[in-house]
$ cat data39.cif   # mmCIF, C-alpha atoms
data_target
loop_
_atom_site.label_atom_id
_atom_site.label_comp_id
_atom_site.auth_asym_id
_atom_site.auth_seq_id
_atom_site.Cartn_x
_atom_site.Cartn_y
_atom_site.Cartn_z
CA MET F 1 9.38 -7.81 -19.55
CA ARG F 2 11.99 -5.79 -17.69
CA ALA F 3 9.34 -3.25 -16.67
CA ALA F 4 7.13 -6.10 -15.53
CA ALA F 5 9.98 -7.50 -13.50
CA THR F 6 10.53 -4.21 -11.75
CA ALA F 7 6.84 -4.06 -10.94
CA ALA F 8 6.99 -7.61 -9.61
CA LEU F 9 9.79 -6.67 -7.25
CA ALA F 10 8.14 -3.46 -6.02
CA LEU F 11 4.50 -4.55 -5.68
CA GLY F 12 3.46 -4.93 -2.09
CA LEU F 13 6.48 -3.09 -0.67
CA LEU F 14 5.27 0.52 -0.79
CA LEU F 15 3.01 0.20 2.24
CA ILE F 16 5.64 -1.52 4.34
CA ALA F 17 7.55 1.66 5.20
CA ALA F 18 4.67 2.86 7.38
CA GLY F 19 5.17 -0.12 9.73
CA CYS F 20 3.26 -3.13 8.61
CA GLY F 21 1.61 -9.51 9.81
CA SER F 22 -1.89 -10.69 10.62
CA SER F 23 -4.11 -13.35 12.03
CA ILE F 24 -5.56 -14.45 8.69
CA ALA F 25 -4.57 -18.06 8.10
CA ALA F 26 -4.45 -19.73 4.74
CA THR F 27 -6.86 -22.63 4.36
CA GLY F 28 -4.89 -24.26 1.58
CA SER F 29 -2.95 -23.53 -1.55
CA SER F 30 -4.53 -20.48 -3.17
CA SER F 31 -4.77 -19.92 -6.91
CA GLY F 32 -2.07 -17.26 -6.51
CA THR F 33 0.57 -19.69 -5.28
CA ALA F 34 0.10 -22.69 -7.60
CA ALA F 35 2.68 -21.47 -10.14
CA ALA F 36 5.27 -21.02 -7.36
CA SER F 37 5.96 -24.76 -7.64
CA LEU F 38 7.87 -23.96 -10.86
CA VAL F 39 9.76 -20.95 -9.48
CA PRO F 40 13.30 -21.55 -8.14
CA ALA F 41 13.56 -21.20 -4.35
CA SER F 42 16.28 -18.58 -4.88
CA ALA F 43 13.94 -16.22 -6.76
CA VAL F 44 13.95 -12.70 -5.36
CA ALA F 45 10.30 -11.85 -6.13
CA TYR F 46 7.01 -13.38 -7.20
CA VAL F 47 3.71 -11.79 -8.24
CA SER F 48 0.46 -13.49 -9.17
CA ALA F 49 -2.56 -11.54 -10.41
CA ASP F 50 -6.07 -12.15 -11.72
CA ALA F 51 -6.06 -11.70 -15.51
CA ASN F 52 -9.76 -12.29 -16.13
CA LEU F 53 -11.46 -8.92 -16.66
CA ASP F 54 -14.85 -10.58 -16.20
CA SER F 55 -14.05 -11.56 -12.61
CA GLN F 56 -15.77 -9.84 -9.70
CA SER F 57 -12.44 -8.35 -8.59
CA TRP F 58 -11.80 -6.71 -11.94
CA GLN F 59 -15.37 -5.42 -12.09
CA LEU F 60 -14.71 -3.40 -8.95
CA ILE F 61 -11.36 -2.12 -10.26
CA THR F 62 -12.80 -1.01 -13.60
CA ASP F 63 -15.82 0.58 -11.91
CA VAL F 64 -13.47 2.78 -9.86
CA PHE F 65 -10.56 3.38 -12.26
CA GLY F 66 -12.15 2.78 -15.63
CA PRO F 67 -11.31 0.11 -18.25
CA ILE F 68 -7.76 -1.14 -18.77
CA GLY F 69 -6.90 -0.11 -22.32
CA THR F 70 -9.55 -1.28 -24.78
CA ASP F 71 -11.60 -4.24 -23.63
CA ALA F 72 -11.81 -5.58 -27.19
CA ASP F 73 -8.02 -5.78 -27.61
CA TYR F 74 -7.55 -7.32 -24.18
CA LYS F 75 -10.28 -9.93 -24.53
CA ASN F 76 -9.35 -10.83 -28.11
CA ASP F 77 -5.55 -10.86 -27.89
CA ILE F 78 -4.22 -10.68 -24.33
CA GLN F 79 -6.59 -12.70 -22.15
CA PRO F 80 -6.39 -15.78 -24.41
CA ALA F 81 -2.60 -15.49 -24.14
CA LEU F 82 -2.59 -15.26 -20.35
CA GLY F 83 -5.56 -17.34 -19.29
CA ASP F 84 -7.27 -16.45 -16.02
CA ARG F 85 -4.11 -15.65 -14.05
CA VAL F 86 -0.67 -14.24 -14.79
CA ASN F 87 2.33 -15.16 -12.63
CA LEU F 88 5.65 -13.30 -12.78
CA ALA F 89 8.91 -14.16 -11.04
CA VAL F 90 12.23 -12.35 -10.85
CA LEU F 91 14.88 -15.07 -10.76
CA LYS F 92 17.83 -12.76 -10.11
CA ILE F 93 19.13 -9.25 -10.67
CA GLU F 94 22.55 -8.71 -12.23
CA ASP F 95 24.01 -5.25 -12.82
CA GLY F 96 20.62 -3.76 -12.08
CA LYS F 97 18.91 -5.89 -14.75
CA PRO F 98 16.24 -8.31 -13.51
CA GLU F 99 15.80 -11.69 -15.17
CA ALA F 100 12.06 -12.31 -15.23
CA ILE F 101 9.83 -15.15 -16.32
CA ALA F 102 6.06 -15.49 -16.75
CA ILE F 103 4.09 -18.64 -15.96
CA VAL F 104 0.56 -18.90 -17.32
CA LYS F 105 -2.09 -21.28 -18.65
CA PRO F 106 -3.23 -19.73 -21.94
CA THR F 107 -6.26 -20.73 -23.94
CA ASP F 108 -4.36 -19.80 -27.12
CA VAL F 109 -0.63 -20.58 -27.13
CA ALA F 110 -0.07 -18.84 -30.47
CA LYS F 111 -1.33 -15.57 -29.00
CA LEU F 112 0.97 -16.03 -26.01
CA GLN F 113 3.92 -16.50 -28.35
CA ALA F 114 2.96 -13.34 -30.24
CA LEU F 115 2.60 -11.43 -26.97
CA ALA F 116 5.99 -12.67 -25.71
CA LYS F 117 7.72 -11.38 -28.83
CA LYS F 118 6.50 -7.86 -28.06
CA PHE F 119 8.81 -7.84 -25.03
CA ASP F 120 11.93 -8.52 -27.13
CA GLN F 121 14.55 -5.88 -26.45
CA GLY F 122 18.17 -5.88 -27.63
CA THR F 123 19.57 -9.34 -26.92
CA GLU F 124 16.45 -10.39 -25.01
CA HIS F 125 14.27 -12.71 -27.10
CA TYR F 126 11.32 -14.25 -25.27
CA THR F 127 10.00 -17.67 -26.22
CA VAL F 128 7.45 -20.07 -24.76
CA GLU F 129 7.98 -23.62 -23.48
CA ASN F 130 5.55 -26.06 -21.87
CA ILE F 131 6.85 -27.20 -18.48
CA GLY F 132 4.84 -29.13 -15.94
CA GLY F 133 1.53 -28.31 -17.59
CA TRP F 134 2.25 -24.56 -17.63
CA SER F 135 3.37 -22.24 -20.42
CA VAL F 136 6.60 -20.55 -19.35
CA VAL F 137 7.88 -17.36 -20.99
CA ALA F 138 11.61 -16.66 -20.63
CA ASP F 139 14.52 -15.26 -22.65
CA SER F 140 17.26 -17.81 -21.96
CA ALA F 141 17.90 -21.54 -21.86
CA SER F 142 19.23 -21.19 -18.31
CA ALA F 143 15.95 -19.64 -17.15
CA PHE F 144 13.94 -22.50 -18.65
CA GLN F 145 16.31 -25.00 -17.03
CA ALA F 146 15.92 -23.28 -13.66
CA VAL F 147 12.15 -23.71 -13.99
CA ARG F 148 12.53 -27.43 -14.83
CA ASP F 149 14.89 -27.91 -11.87
CA ALA F 150 12.42 -26.20 -9.54
CA GLY F 151 9.59 -28.40 -10.78
CA ASN F 152 11.68 -31.51 -10.09
CA GLY F 153 13.30 -30.34 -6.85
CA LYS F 154 12.94 -27.57 -4.28
CA SER F 155 10.85 -24.65 -5.49
CA LEU F 156 9.73 -21.33 -4.03
CA ALA F 157 6.54 -23.11 -2.93
CA ASP F 158 8.73 -25.26 -0.64
CA ASP F 159 10.61 -22.30 0.86
CA ALA F 160 9.83 -21.74 4.56
CA ASN F 161 9.77 -17.94 4.26
CA PHE F 162 7.45 -18.03 1.24
CA LYS F 163 5.09 -20.50 2.92
CA SER F 164 4.98 -18.36 6.06
CA ALA F 165 4.29 -15.22 4.02
CA MET F 166 1.50 -16.83 2.01
CA ALA F 167 -0.08 -18.30 5.14
CA GLN F 168 -0.23 -14.81 6.61
CA VAL F 169 -1.63 -12.90 3.62
CA GLY F 170 -4.13 -15.72 3.10
CA SER F 171 -5.92 -16.47 -0.16
CA ALA F 172 -5.72 -13.18 -2.06
CA ASP F 173 -7.78 -13.76 -5.18
CA PHE F 174 -6.97 -10.53 -7.01
CA ALA F 175 -3.20 -10.30 -6.50
CA THR F 176 -0.39 -11.69 -4.36
CA ALA F 177 3.17 -10.40 -4.15
CA TYR F 178 6.28 -11.65 -2.37
CA ALA F 179 9.89 -10.47 -2.16
CA SER F 180 12.75 -12.07 -0.27
CA GLY F 181 15.11 -10.07 1.89
CA SER F 182 17.74 -10.18 -0.85
CA GLY F 183 15.16 -8.98 -3.34
CA VAL F 184 14.25 -6.05 -1.14
CA GLN F 185 17.90 -5.04 -0.99
CA GLN F 186 18.00 -4.78 -4.79
CA LEU F 187 15.21 -2.22 -5.04
CA PRO F 188 16.02 1.33 -6.24
CA GLU F 189 17.93 3.34 -3.65
CA LYS F 190 15.02 5.39 -2.31
CA LEU F 191 12.86 2.31 -1.85
CA ARG F 192 15.77 0.53 -0.13
CA ALA F 193 16.07 3.49 2.22
CA LEU F 194 12.36 3.28 3.04
CA VAL F 195 12.77 -0.41 3.80
CA ARG F 196 15.76 0.31 6.05
CA VAL F 197 13.58 2.69 8.03
CA THR F 198 11.39 -0.31 8.84
CA GLY F 199 14.36 -2.45 9.90
CA SER F 200 15.33 -4.47 6.79
CA PRO F 201 12.77 -7.32 6.93
CA ARG F 202 13.55 -10.94 5.99
CA TRP F 203 10.67 -10.88 3.53
CA VAL F 204 7.71 -8.76 2.56
CA ALA F 205 4.42 -9.86 1.06
CA ALA F 206 1.08 -8.40 0.11
CA GLY F 207 -2.34 -9.69 -0.82
CA ILE F 208 -5.15 -7.79 -2.53
CA ASN F 209 -8.77 -8.89 -2.49
CA ALA F 210 -11.62 -7.12 -4.23
CA ASP F 211 -15.33 -7.85 -4.20
CA LYS F 212 -18.44 -5.90 -5.11
CA ASN F 213 -18.27 -3.87 -1.88
CA ALA F 214 -14.63 -3.22 -1.01
CA LEU F 215 -10.96 -3.39 -1.92
CA HIS F 216 -8.75 -4.91 0.80
CA VAL F 217 -4.95 -4.67 0.83
CA ASP F 218 -2.95 -6.68 3.37
CA ALA F 219 0.84 -6.13 3.47
CA ARG F 220 3.28 -7.93 5.79
CA ALA F 221 6.94 -7.66 6.74
CA ALA F 222 8.82 -10.31 8.73
CA GLY F 223 11.55 -9.11 11.07
CA ALA F 224 10.79 -5.42 10.51
CA SER F 225 11.24 -3.06 13.45
CA ALA F 226 7.70 -1.74 13.71
CA PRO F 227 6.93 0.96 16.29
CA ALA F 228 5.29 -0.07 19.54
CA ALA F 229 1.54 -0.60 19.35
CA TYR F 230 -0.78 1.63 21.38
CA LYS F 231 -4.48 2.21 22.03
CA PRO F 232 -5.52 5.30 20.01
CA ALA F 233 -7.17 7.14 22.91
CA LEU F 234 -7.08 10.61 21.31
CA LEU F 235 -9.49 9.47 18.60
CA SER F 236 -12.22 10.02 21.20
CA ASP F 237 -11.35 13.75 21.06
CA VAL F 238 -12.15 13.92 17.35
CA PRO F 239 -15.57 15.61 16.96
CA SER F 240 -18.52 13.80 15.46
CA GLY F 241 -18.81 14.38 11.73
CA ALA F 242 -15.07 14.57 11.01
CA ILE F 243 -14.28 13.49 7.46
CA LEU F 244 -10.64 12.58 8.08
CA ALA F 245 -8.78 11.37 11.16
CA VAL F 246 -5.22 10.05 11.44
CA SER F 247 -3.91 8.66 14.73
CA PHE F 248 -0.17 8.27 15.35
CA LYS F 249 2.38 8.04 18.13
CA ASP F 250 5.99 9.18 18.56
CA VAL F 251 6.19 10.64 15.07
CA ASN F 252 9.47 12.26 16.10
CA GLN F 253 11.12 8.82 16.20
CA LEU F 254 10.00 8.04 12.66
CA LEU F 255 11.21 11.43 11.44
CA ALA F 256 14.61 10.81 13.03
CA LYS F 257 14.96 7.50 11.15
CA VAL F 258 13.93 9.11 7.87
CA LYS F 259 16.32 12.04 8.34
CA ALA F 260 19.15 9.58 9.05
CA GLU F 261 18.79 8.25 5.49
CA PRO F 262 20.65 10.70 3.18
CA VAL F 263 18.44 10.00 0.14
CA LEU F 264 15.28 10.59 2.19
CA GLY F 265 16.23 13.33 4.62
CA GLY F 266 16.52 15.97 1.93
CA SER F 267 13.03 15.15 0.64
CA LEU F 268 11.25 16.09 3.85
CA PRO F 269 9.24 19.34 3.87
CA PRO F 270 11.07 22.11 5.78
CA PHE F 271 8.35 22.44 8.44
CA LEU F 272 9.08 18.89 9.65
CA ASP F 273 12.43 20.16 10.94
CA ASN F 274 10.42 21.92 13.64
CA LEU F 275 8.75 18.79 14.98
CA PRO F 276 11.49 17.03 17.00
CA SER F 277 9.46 17.50 20.20
CA LEU F 278 6.31 15.78 18.97
CA GLY F 279 6.61 12.63 21.03
CA GLY F 280 3.61 10.88 22.52
CA GLU F 281 0.25 10.16 20.95
CA GLY F 282 -1.27 12.48 18.38
CA VAL F 283 -4.24 12.83 16.06
CA LEU F 284 -4.81 14.93 12.97
CA TYR F 285 -8.41 15.51 11.89
CA LEU F 286 -10.41 17.53 9.42
CA LEU F 287 -13.93 18.92 9.80
CA PRO F 288 -16.06 20.52 7.10
CA GLY F 289 -16.18 24.33 7.38
CA THR F 290 -18.22 27.15 5.92
CA LEU F 291 -15.56 28.28 3.46
CA LEU F 292 -12.47 26.32 4.46
CA PRO F 293 -12.12 22.97 6.21
CA VAL F 294 -11.14 23.05 9.88
CA ILE F 295 -7.80 21.27 10.38
CA THR F 296 -6.67 20.34 13.88
CA LEU F 297 -3.53 18.60 15.12
CA GLU F 298 -3.65 17.45 18.75
CA VAL F 299 -0.67 15.97 20.57
CA GLN F 300 -0.55 14.49 24.06
CA SER F 301 3.10 15.16 24.74
CA PRO F 302 5.40 14.22 27.63
CA HIS F 303 7.01 17.61 26.95
CA PRO F 304 4.04 19.91 26.29
CA VAL F 305 5.99 23.18 26.55
CA ALA F 306 8.47 22.10 23.89
CA ALA F 307 5.65 20.66 21.77
CA ALA F 308 3.72 23.94 21.93
CA LYS F 309 6.82 25.86 20.91
CA SER F 310 7.38 23.56 17.91
CA LEU F 311 3.77 23.85 16.78
CA ARG F 312 3.82 27.65 17.07
CA THR F 313 6.78 27.67 14.69
CA VAL F 314 4.85 25.46 12.26
CA ALA F 315 1.74 27.66 12.62
CA ALA F 316 3.78 30.75 11.77
CA GLN F 317 5.17 29.06 8.64
CA ALA F 318 1.69 27.97 7.56
CA GLY F 319 0.16 31.36 8.20
CA LYS F 320 0.28 32.30 4.53
CA LEU F 321 -2.15 29.49 3.75
CA LEU F 322 -4.29 29.12 6.87
CA PRO F 323 -4.41 31.14 10.11
CA PHE F 324 -3.41 28.46 12.59
CA ARG F 325 -3.28 29.08 16.32
CA VAL F 326 -1.86 26.94 19.14
CA GLU F 327 -3.34 26.30 22.57
CA ARG F 328 -2.32 24.09 25.44
CA HIS F 329 -4.47 22.17 27.93
CA GLY F 330 -2.20 20.38 30.38
CA ASN F 331 -0.18 17.83 28.42
CA ASN F 332 -2.42 18.24 25.38
CA VAL F 333 -1.35 20.75 22.73
CA LEU F 334 -3.57 21.71 19.78
CA MET F 335 -2.83 23.53 16.55
CA THR F 336 -5.98 24.48 14.65
CA ASN F 337 -7.40 26.99 12.22
CA ALA F 338 -10.76 26.98 14.02
CA ALA F 339 -11.73 30.42 15.31
CA ALA F 340 -11.06 30.93 19.01
CA GLY F 341 -14.09 30.22 21.14
CA THR F 342 -15.87 28.09 18.55
CA SER F 343 -17.21 24.68 19.49
CA PRO F 344 -17.01 21.71 17.11
CA GLY F 345 -20.26 20.44 18.59
CA SER F 346 -21.07 17.53 20.85
CA GLY F 347 -20.26 13.89 20.34
CA SER F 348 -17.21 11.97 19.19
CA LEU F 349 -16.32 10.56 15.81
CA MET F 350 -15.92 7.19 17.47
CA GLU F 351 -19.62 7.27 18.42
CA ASP F 352 -20.77 7.79 14.81
CA GLN F 353 -22.40 4.58 13.60
CA PRO F 354 -20.88 4.68 10.07
CA VAL F 355 -17.43 4.90 11.64
CA LYS F 356 -18.17 2.03 14.00
CA ASP F 357 -19.35 -0.05 11.04
CA ALA F 358 -16.24 0.83 8.98
CA PHE F 359 -13.87 -0.09 11.83
CA ALA F 360 -15.71 -3.37 12.46
CA ALA F 361 -15.62 -4.32 8.77
CA ALA F 362 -11.88 -3.58 8.64
CA ASP F 363 -11.35 -5.61 11.83
CA VAL F 364 -9.28 -2.85 13.43
CA PRO F 365 -7.41 -4.25 16.47
CA ALA F 366 -7.46 -2.61 19.89
CA LYS F 367 -3.80 -1.66 19.53
CA VAL F 368 -2.25 -0.21 16.38
CA THR F 369 0.98 1.44 15.27
CA TRP F 370 -1.07 4.06 13.35
CA LEU F 371 -4.64 4.39 12.17
CA ALA F 372 -6.44 6.43 9.51
CA TYR F 373 -10.11 6.98 8.62
CA ALA F 374 -11.54 8.98 5.73
CA ASP F 375 -15.01 9.58 4.31
CA ILE F 376 -13.94 9.80 0.66
CA GLN F 377 -17.28 11.10 -0.58
CA ARG F 378 -17.13 14.16 1.69
CA LEU F 379 -13.36 14.53 1.39
CA ALA F 380 -13.33 14.49 -2.42
CA PRO F 381 -14.40 18.15 -3.01
CA ILE F 382 -11.66 19.32 -0.64
CA LEU F 383 -9.02 17.20 -2.38
CA GLN F 384 -10.13 18.47 -5.76
CA ALA F 385 -10.01 22.08 -4.55
CA LEU F 386 -6.51 21.57 -3.11
CA THR F 387 -5.35 19.98 -6.37
CA SER F 388 -6.61 23.00 -8.29
CA LEU F 389 -5.10 25.44 -5.76
CA MET F 390 -1.69 23.76 -5.93
CA GLY F 391 -1.78 23.75 -9.72
CA THR F 392 -1.06 20.04 -10.04
CA GLY F 393 -3.79 19.62 -12.63
CA GLN F 394 -6.02 16.65 -13.16
CA ALA F 395 -4.96 13.03 -13.32
CA LYS F 396 -5.33 11.30 -16.67
CA PRO F 397 -8.92 10.13 -17.14
CA SER F 398 -7.76 6.55 -17.64
CA THR F 399 -6.11 6.42 -14.21
CA ALA F 400 -8.04 8.94 -12.11
CA PRO F 401 -10.29 7.14 -9.61
CA LYS F 402 -13.99 7.93 -9.82
CA LEU F 403 -14.36 9.43 -6.37
CA ASP F 404 -18.15 9.22 -6.49
CA LYS F 405 -17.73 5.44 -6.51
CA LEU F 406 -15.74 5.42 -3.25
CA GLY F 407 -17.07 5.24 0.30
CA THR F 408 -14.91 5.02 3.40
CA LEU F 409 -11.21 4.27 3.84
CA VAL F 410 -9.81 2.58 6.94
CA ALA F 411 -6.08 1.86 7.14
CA PHE F 412 -3.87 0.82 10.03
CA GLY F 413 -0.53 -0.62 11.01
CA ALA F 414 -0.26 -3.38 13.61
CA THR F 415 1.98 -6.14 14.92
CA ASN F 416 1.37 -9.74 15.91
CA SER F 417 2.89 -11.81 18.70
CA GLY F 418 5.90 -12.69 16.58
CA SER F 419 8.27 -10.53 14.60
CA THR F 420 5.84 -9.77 11.79
CA SER F 421 4.23 -6.39 11.27
CA ARG F 422 1.42 -5.44 8.93
CA VAL F 423 -0.45 -2.71 7.12
CA GLU F 424 -4.09 -3.25 6.18
CA VAL F 425 -6.25 -0.99 4.01
CA ARG F 426 -9.97 -1.36 3.36
CA LEU F 427 -11.68 0.91 0.84
CA THR F 428 -15.41 0.56 0.30
CA THR F 429 -17.18 1.28 -2.95
CA HIS F 430 -20.72 2.15 -4.02
#

$ encode --input "data39.cif" --output "structure tokens"
Amino acid sequence: MRAAATAALALGLLLIAAGCGSSIAATGSSSGTAAASLVPASAVAYVSADANLDSQSWQLITDVFGPIGTDADYKNDIQPALGDRVNLAVLKIEDGKPEAIAIVKPTDVAKLQALAKKFDQGTEHYTVENIGGWSVVADSASAFQAVRDAGNGKSLADDANFKSAMAQVGSADFATAYASGSGVQQLPEKLRALVRVTGSPRWVAAGINADKNALHVDARAAGASAPAAYKPALLSDVPSGAILAVSFKDVNQLLAKVKAEPVLGGSLPPFLDNLPSLGGEGVLYLLPGTLLPVITLEVQSPHPVAAAKSLRTVAAQAGKLLPFRVERHGNNVLMTNAAAGTSPGSGSLMEDQPVKDAFAAADVPAKVTWLAYADIQRLAPILQALTSLMGTGQAKPSTAPKLDKLGTLVAFGATNSGSTSRVEVRLTTH
């Protein structure tokens, strides 16, 4: 249960560090928030997830990542214990130890009791009580009492921050996650540092939806200091047929914030020390090549001379892997491994119909804080070759995604009119 509690606190936070709020409004209480009426308002985190492997959401997940354990064991022993949805809450964290509870509606209470006992550890002994029509799993009388008090008084479902967060992530059928500002501050040190880079939000939340065509992740942070939004004009410079494109702006400011965090600064690759001049808008894209992919970084810098100098230093460091060269055209500076004098062809990536369709489906706004596009099918062989080249080996079959099942990825950061920022990811499947 302690591992589950840690997962409950961390889920939905990992995307926030990139700068992540939205216009999706909730139309009512979703299935993921019903159990919050039994969670104390002071809880630091809450996670609700679909537990029915026969649901459409789980069908997509298992198609891409494979089955979760053995279906027979899950359907015979675990699903009857959990019912169709599992809800976890972290009530508090003391001395680094989270106190977690589970709230479910099992079809077999005896199997839930047997499952709860498997989480016993040391002095922690989990039992099951029926409270408010739900089966609650906890390891202390005080935790059960806190649930009863919440059901009879003010609960997390009544908390203004929680209601605002759930209204913004909407009805996420597959999974919903929420953490209060105090909960965020009790994450492991490196994750806390990542959150500080974003400006220490009041709360963070995430919703995940999955259907037969796509997986959609929507993460929000209230009060986070997201970078200024911009129109990604340099994407029009990306040649037609590119299989990867990442738009960004003022990456030097983000690097400065990361370097200011002692636990993060030392983790940065050495070549990033040579990029303090990379202000302004930029785009990184990848084109298929005859033997090697063509990688190009273009920056529209207010200080093009300094930017060109920085990129030449990076190109020299990367020379052992790829023969990069740097050229300047006014305020635009490019670093590429394309042979001098070669033409990427006519047309722009933004004129390709599949890209237009992917952006429309993801509802990409006119202004973003960053934006990424990838054709996973065409990118997969390159990723597999790089994995082999770097000697990182293969992922375990049970967790490695089936890349042939994936289509396009669109991800972006954005802000709304208030103080909420967001990250959205849409990954299509075949």

$ residues_around --input "data39.cif" --residues "Tyr46 in chain F" --least-positions-apart "2" --cutoff "8 Å" --atoms "all atoms listed in the file" --output "PyMOL selection string"
chain F and resi 8-9+36+43-44+48+87-90+177-179

$ residues_around --input "data39.cif" --residues "Asp404 in chain F" --least-positions-apart "3" --cutoff "9 Å" --atoms "all atoms listed in the file" --output "ChimeraX atom specification"
/F:64,376-377,380,401,407,429-430

$ closest_residue --input "data39.cif" --among "F:Lys75, F:Thr296, F:Pro288, F:Leu244" --to "Thr408 in chain F" --atoms "only C-alpha atoms"
F:Leu244

$ resolve_selection --input "data39.cif" --expression "the PyMOL selection byres ((chain F and resi 372) around 10)" --output "list of chain:residue names"
F:Leu244, F:Ala245, F:Val246, F:Ser247, F:Phe248, F:Val283, F:Leu284, F:Tyr285, F:Trp370, F:Leu371, F:Tyr373, F:Ala374, F:Leu409, F:Val410, F:Ala411, F:Phe412, F:Gly413, F:Val425

$ residues_around --input "data39.cif" --residues "Gly279 in chain F" --least-positions-apart "2" --cutoff "9 Å" --atoms "only C-alpha atoms" --output "PDB file with C-alpha atoms, keeping the file's coordinate frame"
ATOM      1  CA  LYS F 249       2.380   8.040  18.130  1.00  0.00           C
ATOM      2  CA  ASP F 250       5.990   9.180  18.560  1.00  0.00           C
ATOM      3  CA  VAL F 251       6.190  10.640  15.070  1.00  0.00           C
ATOM      4  CA  ASN F 252       9.470  12.260  16.100  1.00  0.00           C
ATOM      5  CA  GLN F 253      11.120   8.820  16.200  1.00  0.00           C
ATOM      6  CA  LEU F 275       8.750  18.790  14.980  1.00  0.00           C
ATOM      7  CA  PRO F 276      11.490  17.030  17.000  1.00  0.00           C
ATOM      8  CA  SER F 277       9.460  17.500  20.200  1.00  0.00           C
ATOM      9  CA  GLU F 281       0.250  10.160  20.950  1.00  0.00           C
ATOM     10  CA  GLY F 282      -1.270  12.480  18.380  1.00  0.00           C
ATOM     11  CA  VAL F 299      -0.670  15.970  20.570  1.00  0.00           C
ATOM     12  CA  GLN F 300      -0.550  14.490  24.060  1.00  0.00           C
ATOM     13  CA  SER F 301       3.100  15.160  24.740  1.00  0.00           C
ATOM     14  CA  PRO F 302       5.400  14.220  27.630  1.00  0.00           C
ATOM     15  CA  HIS F 303       7.010  17.610  26.950  1.00  0.00           C
ATOM     16  CA  ALA F 307       5.650  20.660  21.770  1.00  0.00           C
TER      17      ALA F 307
END

$ resolve_selection --input "data39.cif" --expression "the PyMOL selection byres ((chain F and resi 213-222) around 8)" --output "ChimeraX atom specification"
/F:12-13,15-16,20-22,60,165,168-169,201-212,223-224,419-430

$ atom_distance --input "data39.cif" --atom1 "CA of Asn331 in chain F" --atom2 "CA of Pro304 in chain F"
5.2 Å

$ closest_residue --input "data39.cif" --among "F:Asp159, F:Asp149, F:Glu99, F:Glu351" --to "Ile131 in chain F" --atoms "only C-alpha atoms"
F:Asp149

$ closest_residue --input "data39.cif" --among "F:Ala228, F:Asp108, F:Pro239, F:Val197" --to "Glu261 in chain F" --atoms "only C-alpha atoms"
F:Val197

$ resolve_selection --input "data39.cif" --expression "the PyMOL selection byres ((chain F and resi 33) around 10)" --output "tab-separated table (two decimals) with C-alpha atoms, keeping the file's coordinate frame"
chain	number	residue	atom	x	y	z
F	28	GLY	CA	-4.89	-24.26	1.58
F	29	SER	CA	-2.95	-23.53	-1.55
F	30	SER	CA	-4.53	-20.48	-3.17
F	31	SER	CA	-4.77	-19.92	-6.91
F	32	GLY	CA	-2.07	-17.26	-6.51
F	34	ALA	CA	0.10	-22.69	-7.60
F	35	ALA	CA	2.68	-21.47	-10.14
F	36	ALA	CA	5.27	-21.02	-7.36
F	37	SER	CA	5.96	-24.76	-7.64
F	46	TYR	CA	7.01	-13.38	-7.20
F	47	VAL	CA	3.71	-11.79	-8.24
F	48	SER	CA	0.46	-13.49	-9.17
F	87	ASN	CA	2.33	-15.16	-12.63
F	156	LEU	CA	9.73	-21.33	-4.03
F	157	ALA	CA	6.54	-23.11	-2.93
F	162	PHE	CA	7.45	-18.03	1.24
F	163	LYS	CA	5.09	-20.50	2.92
F	166	MET	CA	1.50	-16.83	2.01
F	171	SER	CA	-5.92	-16.47	-0.16
F	172	ALA	CA	-5.72	-13.18	-2.06
F	176	THR	CA	-0.39	-11.69	-4.36
F	177	ALA	CA	3.17	-10.40	-4.15

$ closest_residue --input "data39.cif" --among "F:Ala361, F:Leu234, F:Ala51, F:Ala229" --to "Pro80 in chain F" --atoms "only C-alpha atoms"
F:Ala51

$ atom_distance --input "data39.cif" --atom1 "CA of Leu379 in chain F" --atom2 "CA of Asp352 in chain F"
16.7 Å

$ closest_residue --input "data39.cif" --among "F:His329, F:Lys402, F:Met335, F:Gln59" --to "Thr313 in chain F" --atoms "all atoms listed in the file"
F:Met335

$ atom_distance --input "data39.cif" --atom1 "CA of Gly330 in chain F" --atom2 "CA of Pro232 in chain F"
18.6 Å

$ closest_residue --input "data39.cif" --among "F:Lys154, F:Lys117, F:Lys105, F:Lys367" --to "Gly132 in chain F" --atoms "all atoms listed in the file"
F:Lys105

$ axis_aligned_box --input "data39.cif" --around "range 308-326 of chain F" --padding-each-side "4 Å" --output "lines of an AutoDock Vina configuration file"
center_x = 1.5
center_y = 27.9
center_z = 12.8
size_x = 19.8
size_y = 16.7
size_z = 26.2

$ residues_around --input "data39.cif" --residues "Leu322 in chain F" --least-positions-apart "3" --cutoff "8 Å" --atoms "only C-alpha atoms" --output "mmCIF file with C-alpha atoms, in the frame of the given file"
data_model
loop_
_atom_site.group_PDB
_atom_site.id
_atom_site.type_symbol
_atom_site.label_atom_id
_atom_site.label_comp_id
_atom_site.auth_asym_id
_atom_site.auth_seq_id
_atom_site.Cartn_x
_atom_site.Cartn_y
_atom_site.Cartn_z
ATOM 1 C CA ALA F 318 1.690 27.970 7.560
ATOM 2 C CA GLY F 319 0.160 31.360 8.200
ATOM 3 C CA ASN F 337 -7.400 26.990 12.220
#

$ residues_around --input "data39.cif" --residues "Leu286 in chain F" --least-positions-apart "2" --cutoff "6 Å" --atoms "only C-alpha atoms" --output "PyMOL selection string"
chain F and resi 242-244+294-295

$ residues_near_point --input "data39.cif" --point "(8.1, -16.6, -17.7)" --cutoff "8 Å" --atoms "all atoms listed in the file" --output "number ranges by chain"
F: 87-89, 100-104, 128, 135-138
